[in-house]
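For reference, start.txt is printed below; it contains compact mmCIF, C-alpha atoms and all ligand atoms.
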# COMPACT_ATOMS: atom_id res chain seq x y z
CA MET A 169 92.91 136.17 286.48
CA ASN A 170 94.79 139.10 288.05
CA LYS A 171 97.17 139.59 285.14
CA LYS A 172 97.00 142.39 282.57
CA SER A 173 95.87 141.17 279.19
CA VAL A 174 96.39 142.31 275.64
CA ASN A 175 92.97 143.99 275.94
CA ASP A 176 94.43 146.37 278.55
CA ALA A 177 97.36 147.43 276.35
CA GLU A 178 97.69 150.20 273.76
CA VAL A 179 99.18 148.45 270.74
CA ARG A 180 98.57 150.62 267.67
CA GLY A 181 101.76 151.11 265.69
CA LYS A 182 103.72 149.14 268.28
CA ARG A 183 105.99 146.17 267.68
CA VAL A 184 104.46 143.37 269.76
CA LEU A 185 106.31 140.12 270.45
CA VAL A 186 103.79 137.31 270.93
CA ARG A 187 104.95 133.97 272.35
CA VAL A 188 102.65 131.31 270.92
CA ASP A 189 102.79 127.53 271.22
CA PHE A 190 102.92 126.37 267.60
CA ASN A 191 104.44 123.04 268.68
CA VAL A 192 102.02 121.16 266.43
CA PRO A 193 102.13 117.42 265.74
CA LEU A 194 103.80 116.52 262.42
CA ASP A 195 103.73 113.28 260.42
CA GLU A 196 106.83 111.53 259.03
CA GLN A 197 106.77 113.80 255.95
CA GLY A 198 106.64 116.92 258.16
CA HIS A 199 102.97 117.72 257.43
CA ILE A 200 100.91 119.30 260.21
CA THR A 201 98.50 116.59 261.40
CA ASN A 202 96.53 118.80 263.79
CA ASP A 203 96.35 122.60 263.85
CA LYS A 204 94.43 123.14 267.10
CA ARG A 205 97.30 125.14 268.60
CA ILE A 206 97.36 127.45 265.58
CA GLN A 207 93.57 127.90 265.61
CA ALA A 208 93.64 128.60 269.33
CA ALA A 209 96.13 131.46 268.90
CA LEU A 210 94.06 133.22 266.20
CA PRO A 211 91.91 135.41 268.52
CA THR A 212 94.98 137.19 269.93
CA ILE A 213 96.64 137.53 266.51
CA LEU A 214 93.43 138.86 264.91
CA HIS A 215 92.93 141.29 267.78
CA LEU A 216 96.44 142.67 267.28
CA ILE A 217 95.98 142.93 263.49
CA ARG A 218 92.68 144.78 263.96
CA GLU A 219 94.25 147.16 266.46
CA GLY A 220 97.08 147.98 264.04
CA ALA A 221 99.99 146.39 265.89
CA ARG A 222 103.10 145.02 264.17
CA VAL A 223 102.89 141.39 265.21
CA ILE A 224 106.05 139.32 265.79
CA LEU A 225 105.27 135.68 266.59
CA ALA A 226 107.78 133.42 268.37
CA SER A 227 107.44 129.71 269.14
CA HIS A 228 109.31 126.47 269.58
CA LEU A 229 108.61 123.28 267.60
CA GLY A 230 109.73 119.91 268.92
CA ARG A 231 112.96 119.43 270.79
CA PRO A 232 115.87 120.32 268.45
CA LYS A 233 118.16 120.64 271.49
CA GLY A 234 119.71 124.00 270.68
CA LYS A 235 120.75 123.15 267.11
CA VAL A 236 119.35 124.23 263.74
CA ASN A 237 117.39 121.28 262.33
CA PRO A 238 115.24 121.70 259.19
CA LYS A 239 112.93 118.96 260.49
CA TYR A 240 111.77 121.40 263.16
CA SER A 241 111.51 124.53 261.03
CA LEU A 242 108.44 126.69 261.58
CA GLU A 243 108.29 127.69 257.90
CA PRO A 244 105.42 125.26 257.08
CA VAL A 245 103.54 126.73 260.03
CA ALA A 246 103.96 130.23 258.56
CA LYS A 247 102.34 128.98 255.33
CA HIS A 248 99.48 127.36 257.22
CA LEU A 249 98.94 130.48 259.33
CA SER A 250 98.82 132.67 256.20
CA SER A 251 95.99 130.54 254.85
CA GLN A 252 94.09 130.75 258.15
CA LEU A 253 94.44 134.53 258.44
CA ALA A 254 93.72 135.14 254.75
CA GLN A 255 96.73 137.46 254.91
CA GLU A 256 100.32 136.76 253.84
CA ILE A 257 102.60 136.62 256.83
CA SER A 258 106.37 136.91 256.59
CA PHE A 259 108.92 134.47 257.97
CA ALA A 260 112.40 135.15 259.39
CA THR A 261 114.90 132.28 259.19
CA ASP A 262 116.36 133.19 262.58
CA CYS A 263 114.62 134.49 265.71
CA VAL A 264 117.45 136.88 266.63
CA GLY A 265 120.29 138.77 264.94
CA ASP A 266 120.21 140.87 261.77
CA VAL A 267 117.83 138.47 260.00
CA ALA A 268 115.16 138.97 262.65
CA MET A 269 115.72 142.71 263.04
CA GLU A 270 115.52 143.36 259.29
CA ALA A 271 112.27 141.39 259.06
CA VAL A 272 110.82 143.34 261.97
CA ASN A 273 111.82 146.66 260.42
CA LYS A 274 109.87 145.78 257.27
CA LEU A 275 106.61 145.30 259.18
CA GLN A 276 103.77 147.77 258.65
CA ASP A 277 100.91 148.27 261.11
CA GLY A 278 98.60 145.23 260.99
CA GLN A 279 101.22 142.91 259.47
CA VAL A 280 102.46 139.65 260.94
CA LEU A 281 105.91 138.02 261.07
CA LEU A 282 106.74 134.52 262.34
CA LEU A 283 110.27 133.95 263.66
CA GLU A 284 112.10 130.64 263.21
CA ASN A 285 112.12 128.10 266.07
CA VAL A 286 113.49 129.70 269.24
CA ARG A 287 114.89 126.28 270.31
CA PHE A 288 117.41 126.38 267.45
CA HIS A 289 119.39 128.35 270.05
CA ALA A 290 120.56 126.53 273.19
CA GLU A 291 120.15 129.82 275.08
CA GLU A 292 116.35 129.54 274.84
CA GLU A 293 115.93 126.61 277.22
CA LYS A 294 118.76 127.89 279.45
CA ASN A 295 116.81 131.14 279.80
CA ASP A 296 120.01 132.99 278.95
CA PRO A 297 119.59 136.70 279.83
CA ALA A 298 121.56 138.05 276.83
CA PHE A 299 119.45 135.97 274.42
CA ALA A 300 116.23 137.03 276.18
CA LYS A 301 117.32 140.66 275.94
CA GLU A 302 117.98 140.27 272.23
CA LEU A 303 114.53 138.77 271.63
CA ALA A 304 112.91 141.49 273.74
CA GLY A 305 114.86 144.09 271.73
CA LEU A 306 112.72 143.25 268.69
CA ALA A 307 109.61 144.69 270.33
CA GLU A 308 108.07 147.23 272.71
CA LEU A 309 105.50 144.91 274.29
CA PHE A 310 105.44 141.18 275.08
CA VAL A 311 102.29 139.07 274.98
CA ASN A 312 102.43 135.51 276.28
CA ASP A 313 99.73 133.39 274.64
CA ALA A 314 101.59 130.08 274.89
CA PHE A 315 99.66 128.26 277.62
CA GLY A 316 101.12 124.95 276.40
CA THR A 317 104.61 126.23 277.28
CA ALA A 318 103.71 128.25 280.37
CA HIS A 319 105.29 125.61 282.64
CA ARG A 320 108.70 126.35 281.11
CA ALA A 321 110.83 129.25 282.39
CA HIS A 322 112.62 129.79 279.09
CA ALA A 323 114.01 132.94 277.46
CA SER A 324 110.94 133.45 275.23
CA THR A 325 108.42 132.79 278.03
CA GLU A 326 110.03 134.23 281.17
CA GLY A 327 113.36 135.84 280.26
CA VAL A 328 111.92 138.49 277.94
CA THR A 329 109.58 139.81 280.65
CA HIS A 330 112.58 141.36 282.43
CA TYR A 331 113.14 143.77 279.54
CA ILE A 332 109.76 144.90 278.15
CA PRO A 333 106.21 145.19 279.58
CA ALA A 334 104.54 141.77 279.52
CA VAL A 335 100.84 140.86 279.43
CA CYS A 336 98.84 137.72 278.73
CA GLY A 337 97.11 136.82 275.49
CA LEU A 338 93.46 135.85 275.07
CA LEU A 339 94.15 132.10 274.89
CA MET A 340 96.34 132.18 277.98
CA GLN A 341 93.62 134.09 279.83
CA LYS A 342 90.90 131.67 278.75
CA GLU A 343 92.92 128.57 279.67
CA VAL A 344 93.97 129.81 283.11
CA GLU A 345 90.47 131.04 283.97
CA PHE A 346 88.79 127.83 282.85
CA MET A 347 91.23 125.53 284.63
CA GLY A 348 91.10 127.65 287.79
CA ASN A 349 87.30 127.51 287.98
CA ALA A 350 86.92 123.86 287.03
CA LEU A 351 89.60 122.54 289.32
CA GLU A 352 89.10 124.66 292.43
CA HIS A 353 86.25 122.54 293.79
CA PRO A 354 86.03 119.58 291.42
CA GLU A 355 82.93 117.45 291.60
CA ARG A 356 83.89 113.95 292.73
CA PRO A 357 84.89 111.30 291.91
CA PHE A 358 87.78 113.22 290.36
CA VAL A 359 89.81 111.04 287.97
CA ALA A 360 93.11 111.93 286.29
CA ILE A 361 94.36 109.98 283.28
CA ILE A 362 98.04 110.21 282.35
CA GLY A 363 99.76 108.62 279.39
CA GLY A 364 101.97 109.77 276.53
CA ALA A 365 105.70 109.77 276.05
CA LYS A 366 107.12 112.62 278.19
CA VAL A 367 107.65 110.33 281.16
CA SER A 368 110.50 112.07 283.00
CA ASP A 369 108.76 115.45 282.57
CA LYS A 370 105.41 114.36 283.86
CA ILE A 371 106.01 111.62 286.44
CA GLY A 372 107.00 114.31 288.95
CA VAL A 373 103.51 115.83 289.03
CA ILE A 374 101.92 112.56 290.14
CA ASP A 375 103.10 113.03 293.74
CA ASN A 376 101.01 116.18 294.13
CA LEU A 377 98.12 114.84 292.03
CA LEU A 378 97.70 112.03 294.55
CA GLU A 379 96.71 114.74 297.07
CA LYS A 380 93.91 115.95 294.78
CA VAL A 381 92.30 113.09 292.87
CA ASP A 382 90.22 110.05 293.86
CA ALA A 383 91.66 107.86 291.13
CA LEU A 384 94.61 107.97 288.78
CA ILE A 385 94.76 105.99 285.56
CA ILE A 386 98.17 105.48 283.99
CA GLY A 387 98.57 104.23 280.42
CA GLY A 388 100.68 104.93 277.32
CA GLY A 389 104.43 105.18 277.55
CA MET A 390 104.12 106.39 281.15
CA ALA A 391 102.77 102.99 282.26
CA ASN A 392 105.95 101.05 281.51
CA THR A 393 107.97 102.65 284.28
CA PHE A 394 105.20 101.67 286.72
CA LEU A 395 104.97 98.13 285.33
CA LYS A 396 108.71 97.79 285.84
CA ALA A 397 108.26 99.09 289.42
CA GLN A 398 105.67 96.32 289.92
CA GLY A 399 108.34 93.81 288.89
CA PHE A 400 107.30 93.14 285.29
CA ASN A 401 109.75 92.91 282.40
CA VAL A 402 108.92 95.58 279.81
CA GLY A 403 111.35 94.48 277.08
CA LYS A 404 112.27 97.28 274.67
CA SER A 405 109.36 99.52 275.74
CA LEU A 406 109.82 103.24 276.39
CA LEU A 407 111.11 103.22 279.98
CA GLU A 408 112.69 105.74 282.37
CA GLU A 409 115.00 103.47 284.35
CA GLU A 410 115.96 106.28 286.80
CA LYS A 411 112.29 106.84 287.66
CA VAL A 412 111.47 103.25 288.65
CA GLU A 413 112.17 103.98 292.34
CA LEU A 414 109.94 107.06 292.17
CA ALA A 415 107.20 104.93 290.58
CA LYS A 416 107.48 102.46 293.49
CA HIS A 417 107.12 105.33 295.95
CA LEU A 418 104.06 106.63 294.07
CA ILE A 419 102.40 103.19 294.11
CA GLU A 420 102.92 103.09 297.91
CA LYS A 421 101.72 106.67 298.35
CA ALA A 422 98.52 105.92 296.43
CA LYS A 423 97.82 103.01 298.83
CA THR A 424 98.38 105.20 301.90
CA LYS A 425 96.22 107.98 300.49
CA ARG A 426 93.56 105.49 299.39
CA VAL A 427 93.72 106.82 295.85
CA LYS A 428 92.84 104.18 293.29
CA LEU A 429 95.88 103.78 291.03
CA GLU A 430 95.00 101.87 287.87
CA LEU A 431 97.72 100.42 285.66
CA PRO A 432 97.39 98.32 282.50
CA ILE A 433 96.93 94.58 283.00
CA ASP A 434 97.40 93.76 279.31
CA VAL A 435 99.21 95.50 276.46
CA VAL A 436 99.59 95.36 272.67
CA VAL A 437 103.23 94.60 271.88
CA ALA A 438 105.31 94.69 268.70
CA PRO A 439 108.97 94.05 267.88
CA ALA A 440 109.40 97.55 266.37
CA PHE A 441 107.99 101.09 266.53
CA GLN A 442 106.32 100.75 263.12
CA ALA A 443 102.80 101.04 261.77
CA ASP A 444 103.02 97.68 259.96
CA ALA A 445 104.88 95.75 262.68
CA PRO A 446 103.29 92.40 263.59
CA HIS A 447 101.61 92.76 266.98
CA ARG A 448 99.96 90.69 269.66
CA THR A 449 98.04 91.31 272.87
CA VAL A 450 99.59 89.89 276.02
CA ASN A 451 99.25 89.99 279.77
CA VAL A 452 101.72 92.49 281.28
CA SER A 453 103.66 89.53 282.69
CA GLU A 454 104.31 88.20 279.18
CA ILE A 455 106.13 91.06 277.40
CA GLY A 456 109.08 89.53 275.50
CA GLU A 457 112.67 90.82 275.74
CA ASP A 458 112.49 91.95 272.10
CA GLU A 459 109.03 93.46 272.29
CA MET A 460 107.71 96.92 273.13
CA ALA A 461 104.32 97.85 274.57
CA LEU A 462 102.68 100.31 272.16
CA ASP A 463 99.08 100.31 273.42
CA ILE A 464 97.01 99.20 276.39
CA GLY A 465 95.09 95.96 275.81
CA PRO A 466 91.30 95.41 275.82
CA ALA A 467 91.15 94.21 279.44
CA SER A 468 92.94 97.36 280.60
CA ALA A 469 90.66 99.52 278.46
CA GLY A 470 87.61 97.84 280.05
CA LYS A 471 88.93 98.54 283.55
CA PHE A 472 89.70 102.17 282.71
CA GLU A 473 86.28 102.66 281.05
CA ALA A 474 84.48 101.48 284.19
CA LEU A 475 86.36 103.96 286.37
CA VAL A 476 85.82 106.84 283.95
CA ALA A 477 82.09 106.05 283.64
CA ALA A 478 81.63 106.82 287.36
CA ALA A 479 83.71 110.03 287.33
CA ARG A 480 82.20 113.52 287.73
CA THR A 481 85.45 115.32 286.80
CA VAL A 482 88.11 113.98 284.46
CA ILE A 483 91.42 115.50 283.45
CA TRP A 484 93.30 113.64 280.73
CA ASN A 485 96.79 114.19 279.36
CA GLY A 486 98.73 111.73 277.26
CA PRO A 487 97.44 109.11 274.80
CA MET A 488 97.09 105.49 275.94
CA GLY A 489 99.21 104.24 273.04
CA VAL A 490 100.83 105.20 269.76
CA PHE A 491 97.45 106.31 268.38
CA GLU A 492 99.09 107.77 265.26
CA MET A 493 99.38 104.14 264.04
CA ASP A 494 96.02 102.39 263.60
CA ALA A 495 97.28 99.13 265.10
CA PHE A 496 97.99 100.90 268.41
CA ALA A 497 95.07 103.37 268.55
CA LYS A 498 92.34 101.21 270.08
CA GLY A 499 93.17 101.90 273.75
CA THR A 500 93.17 105.67 273.22
CA GLU A 501 89.94 105.40 271.22
CA ARG A 502 88.13 103.45 273.97
CA VAL A 503 89.27 105.82 276.72
CA ALA A 504 88.33 108.83 274.55
CA GLN A 505 84.81 107.43 274.03
CA ALA A 506 84.46 106.72 277.75
CA VAL A 507 85.56 110.23 278.75
CA ALA A 508 83.18 111.76 276.19
CA ALA A 509 80.28 109.69 277.52
CA CYS A 510 80.84 110.06 281.28
CA GLY A 511 78.60 113.11 281.65
CA GLY A 512 80.91 114.97 284.07
CA THR A 513 83.28 117.89 283.55
CA THR A 514 85.96 116.67 281.16
CA ILE A 515 89.24 118.35 280.30
CA VAL A 516 91.59 116.95 277.68
CA GLY A 517 94.95 118.68 277.30
CA GLY A 518 98.18 118.30 275.36
CA GLY A 519 99.24 118.74 271.75
CA ASP A 520 99.01 115.02 270.99
CA SER A 521 96.05 114.20 273.24
CA VAL A 522 93.99 116.87 271.50
CA ALA A 523 95.06 115.51 268.12
CA ALA A 524 93.89 112.08 269.32
CA VAL A 525 90.42 113.17 270.46
CA GLU A 526 89.96 115.21 267.29
CA LYS A 527 91.00 112.23 265.17
CA MET A 528 88.44 110.14 267.04
CA SER A 529 85.75 112.82 266.55
CA VAL A 530 84.93 113.21 270.23
CA ALA A 531 86.50 116.63 270.89
CA ASP A 532 83.08 118.36 270.69
CA ARG A 533 81.81 116.19 273.51
CA MET A 534 84.51 117.32 275.96
CA THR A 535 83.88 120.25 278.34
CA HIS A 536 87.27 121.83 277.64
CA ILE A 537 90.03 121.12 275.17
CA SER A 538 93.27 122.58 276.47
CA THR A 539 96.32 123.38 274.36
CA GLY A 540 98.58 122.39 277.28
CA GLY A 541 99.48 118.90 278.47
CA GLY A 542 102.39 119.32 280.86
CA ALA A 543 101.13 122.84 281.59
CA SER A 544 97.64 121.58 282.57
CA LEU A 545 99.13 118.97 284.88
CA GLU A 546 101.40 121.48 286.61
CA PHE A 547 98.50 123.90 286.91
CA LEU A 548 96.37 121.16 288.48
CA GLU A 549 99.22 120.38 290.86
CA GLY A 550 98.73 123.87 292.23
CA LYS A 551 101.92 125.30 290.77
CA VAL A 552 102.08 128.91 289.62
CA LEU A 553 103.22 128.54 286.02
CA PRO A 554 106.40 130.61 285.50
CA GLY A 555 105.19 131.93 282.13
CA VAL A 556 102.12 133.36 283.87
CA ALA A 557 103.81 134.51 287.08
CA ALA A 558 106.19 136.74 285.09
CA LEU A 559 103.36 138.82 283.57
CA GLN A 560 102.24 142.22 284.92
CA ASP A 561 99.56 142.23 287.60
CA LYS A 562 96.32 144.13 287.04
CA GLY A 563 95.90 147.67 288.31
N1 LIG A 601 103.41 102.98 274.80
C1 LIG A 601 103.95 104.01 274.15
N2 LIG A 601 105.22 103.95 273.70
C2 LIG A 601 105.76 104.99 273.03
N3 LIG A 601 105.12 106.16 272.78
C3 LIG A 601 103.85 106.26 273.21
C4 LIG A 601 103.21 105.21 273.91
N4 LIG A 601 101.95 105.61 274.21
C5 LIG A 601 101.83 106.85 273.71
N5 LIG A 601 102.94 107.26 273.11
C6 LIG A 601 103.20 108.52 272.37
O1 LIG A 601 103.07 109.62 273.24
C7 LIG A 601 102.99 110.78 272.44
C8 LIG A 601 102.34 111.92 273.17
O2 LIG A 601 102.97 112.15 274.40
P1 LIG A 601 102.92 113.57 275.12
O3 LIG A 601 103.64 114.59 274.30
O4 LIG A 601 103.42 113.36 276.51
O5 LIG A 601 101.36 113.90 275.17
P2 LIG A 601 100.58 115.29 274.95
O6 LIG A 601 101.15 115.97 273.74
O7 LIG A 601 99.16 114.94 274.81
O8 LIG A 601 100.87 116.10 276.19
C9 LIG A 601 102.22 110.35 271.21
O9 LIG A 601 102.89 110.81 270.07
C10 LIG A 601 102.18 108.81 271.29
O10 LIG A 601 102.54 108.17 270.10
O1 LIG A 602 103.82 120.09 273.44
C1 LIG A 602 103.96 120.61 274.54
O2 LIG A 602 103.58 119.99 275.67
P1 LIG A 602 102.67 118.65 275.77
O3 LIG A 602 103.29 117.58 274.91
O4 LIG A 602 102.72 118.30 277.24
O5 LIG A 602 101.28 119.01 275.35
C2 LIG A 602 104.49 122.02 274.71
O6 LIG A 602 104.68 122.64 273.45
C3 LIG A 602 105.78 122.02 275.53
O7 LIG A 602 106.80 121.32 274.85
P2 LIG A 602 108.04 120.73 275.68
O8 LIG A 602 107.51 119.63 276.57
O9 LIG A 602 109.01 120.22 274.65
O10 LIG A 602 108.61 121.87 276.52
MG MG A 603 103.10 116.18 273.07
The structure given in the file should be rewritten as structure tokens.
Amino acid sequence: MNKKSVNDAEVRGKRVLVRVDFNVPLDEQGHITNDKRIQAALPTILHLIREGARVILASHLGRPKGKVNPKYSLEPVAKHLSSQLAQEISFATDCVGDVAMEAVNKLQDGQVLLLENVRFHAEEEKNDPAFAKELAGLAELFVNDAFGTAHRAHASTEGVTHYIPAVCGLLMQKEVEFMGNALEHPERPFVAIIGGAKVSDKIGVIDNLLEKVDALIIGGGMANTFLKAQGFNVGKSLLEEEKVELAKHLIEKAKTKRVKLELPIDVVVAPAFQADAPHRTVNVSEIGEDEMALDIGPASAGKFEALVAAARTVIWNGPMGVFEMDAFAKGTERVAQAVAACGGTTIVGGGDSVAAVEKMSVADRMTHISTGGGASLEFLEGKVLPGVAALQDKG
């Protein structure tokens, strides 16, 4: 990668602002269910501690939409991080203003501070220059280690780079280098699997993916918009009504490009988004008005497994169902086992997808576990990620 890294920077005694992606999955009680994104950021943090920097960590958590919301506080993450570093880290209840500045001023060389959720300010996602300048004003150097958020041009990923020198972190470097090498000349058949819940965010990448892959499997919440485009009723399922026309276009494009586009043929439905909801498996033509599809069915899983078994390269983002609830985890489990067993190069990315493969104990059998879902897909599309583009070039 031709970007300067934290290894190229003199950091001793300096205040260093590090953008991390601590957007970890939480359960209903707010407990961290998977800490992969925290573990993955440790090499950069430990490097900075060892080198005697004053480390200021910034992240988002969830989508609080510009308002303070205790549900999305990073304070529990600060506690978890302290236990992982075997060093107390401090926490500032705001990422800007006097609260942040005072916390920064207390830092000694080798100490770490975590700032509260940057998305508690609407200016973050708007990439507001004054807000970015204020964040940058906390530090003398910026390190972007948030690969999972590198596809967002927000104040804490892109905006700050206009005010202080900006380099990449060790995780960012590793992710970009691995993805670049693995996806430049992928061994074929090359299969992409897309699922999950961020439909409007991710459906846009499919157009470009159809230029790259031999087959595309669509499951999870993403599938419903395609099922609707095929003329099926999806009841109360997660659906992006405004994207149904786009889904029709993508189905046509796949035919023209001779890319195999696989959609579910059966689904597990329930009347409510609840772990204990009564559920049944139906053909996609039989989803009731009052039902929602929460997992792919066994016939779909069988079809997807067969395609994955023949693949030489697989990239997977987005679970096949609501795997957090046992009743709707089977589809994700079967696809995870198939990807693990296929014998090709396998990349699984995304905060929730990684949690799923770790829960199913197959993470060790994947070639690469990426901390980015949307970021991996946009990288694969051939896009230059704005969080990476903004960093200083080497030499
Ligand atoms: N059919 C579905 N309906 C609603 N939500 C779903 C469905 N299938 C999967 N999901 C949800 O999608 C979420 C993950 O989506 P997303 O954030 O896009 O993936 P990732 O974090 O891996 O990039 C999971 O929490 C899962 O419960
Ligand atoms: O969880 C994330 O992405 P992912 O769900 O695609 O893996 C990143 O933290 C980005 O979050 P965002 O999609 O709310 O900008
Ligand atoms: Mg996610």
* Could you list, as an NGL selection string, all the residues within 6 Å of ligand LIG 601 (chain A), counting all atoms listed in the file? -> :A and (364-366 or 388-389 or 406 or 461-463 or 485-492 or 518-521 or 541-542)
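Among the candidates A:Lys247, A:His289, A:Arg187, A:Arg205, the one nearest to ligand MG 603 (chain A) when counting only C-alpha atoms and all ligand atoms is A:Arg205.
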* Can you tell me which residues sit at most 9 Å away from ligand LIG 602 (chain A), counting only C-alpha atoms and all ligand atoms, written as a PyMOL selection string? -> chain A and resi 189-193+227-231+293+314-320+364-366+369-370+485-486+517-522+538-545
* Residue nearest A:Lys204 among A:Glu473, A:Glu549, A:Glu457, A:Glu526 (counting all atoms listed in the file) -> A:Glu526
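Point (106.7, 101.6, 260.7) has the following residues at most 12 Å away: Glu196, Ala438, Pro439, Ala440, Phe441, Gln442, Ala443, Asp444, Ala445, Pro446, His447, Val490, Glu492, Met493, Asp494, Ala495 and Phe496 of chain A (atoms considered: all atoms listed in the file).
The protein and nucleic acid residues lying at most 10 Å from stretch 329-333 of chain A are Ala177, Leu185, Pro297, Ala300, Lys301, Glu302, Leu303, Ala304, Gly305, Ala307, Glu308, Leu309, Phe310, Val311, Asn312, Ala323, Ser324, Thr325, Gly555, Ala558, Leu559 and Gln560 of chain A, with only C-alpha atoms considered and sequence neighbours fewer than 4 positions away removed.
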* **Closest of A:Val367, A:Leu475, A:Ala290, A:Leu275 to ligand MG 603 (chain A) - atom-to-atom distances counting only C-alpha atoms and all ligand atoms** => A:Val367
* Structure fact -> If you count only C-alpha atoms and all ligand atoms, the residue of A:Leu249, A:Asn202, A:Asn170, A:Gly337 closest to ligand MG 603 (chain A) turns out to be A:Asn202
Any chance you could work out the axis-aligned box around stretch 475-483 of chain A, listed atoms only, 6 Å on each side, giving centre and edge lengths in Å to one decimal, as AutoDock Vina command-line options?
--center_x 86.5 --center_y 109.7 --center_z 285.6 --size_x 21.8 --size_y 23.5 --size_z 16.3
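Within a radius of 12 Å around (86.8, 98.8, 279.3), the polymer residues are Pro432, Ile433, Asp434, Ile464, Gly465, Pro466, Ala467, Ser468, Ala469, Gly470, Lys471, Phe472, Glu473, Ala474, Leu475, Val476, Ala477, Lys498, Gly499, Thr500, Glu501, Arg502, Val503, Ala504, Gln505, Ala506 and Val507 of chain A, counting only C-alpha atoms.
Closest to A:His215 among A:Lys171, A:Leu282, A:Arg180, A:Val435 is A:Arg180, based on all atoms listed in the file.
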* With distances taken over only C-alpha atoms, which of A:Thr513, A:Gln207, A:Ser241, A:Ser250 is nearest to A:Ala360? -> A:Thr513
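Atom CA of A:Leu384 lies 18.3 Å from atom CA of A:Gly511.
Look at A:Gly348: the protein and nucleic acid residues within 10 Å of it, using all atoms listed in the file and passing over chain neighbours fewer than 5 places away, are Met169, Lys342, Glu343, His353, Phe547, Leu548 and Gly550 of chain A.
Going from atom CA of A:Ala254 over to atom CA of A:Ile217, you cover 11.9 Å.
Note that atom CA of A:Phe358 and atom CA of A:Arg480 are 6.2 Å apart.
The protein and nucleic acid residues lying at most 9 Å from A:Leu418 are Ile374, Asp375, Leu378, Phe394, Glu413, Leu414, Ala415, Lys421, Ala422 and Lys423 of chain A, with only C-alpha atoms considered and sequence neighbours fewer than 3 positions away removed.
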Write the residues of the preceding selection, restricted to C-alpha atoms, as a PDB file, in the frame of the given file.
ATOM      1  CA  ILE A 374     101.920 112.560 290.140  1.00  0.00           C
ATOM      2  CA  ASP A 375     103.100 113.030 293.740  1.00  0.00           C
ATOM      3  CA  LEU A 378      97.700 112.030 294.550  1.00  0.00           C
ATOM      4  CA  PHE A 394     105.200 101.670 286.720  1.00  0.00           C
ATOM      5  CA  GLU A 413     112.170 103.980 292.340  1.00  0.00           C
ATOM      6  CA  LEU A 414     109.940 107.060 292.170  1.00  0.00           C
ATOM      7  CA  ALA A 415     107.200 104.930 290.580  1.00  0.00           C
ATOM      8  CA  LYS A 421     101.720 106.670 298.350  1.00  0.00           C
ATOM      9  CA  ALA A 422      98.520 105.920 296.430  1.00  0.00           C
ATOM     10  CA  LYS A 423      97.820 103.010 298.830  1.00  0.00           C
TER      11      LYS A 423
END
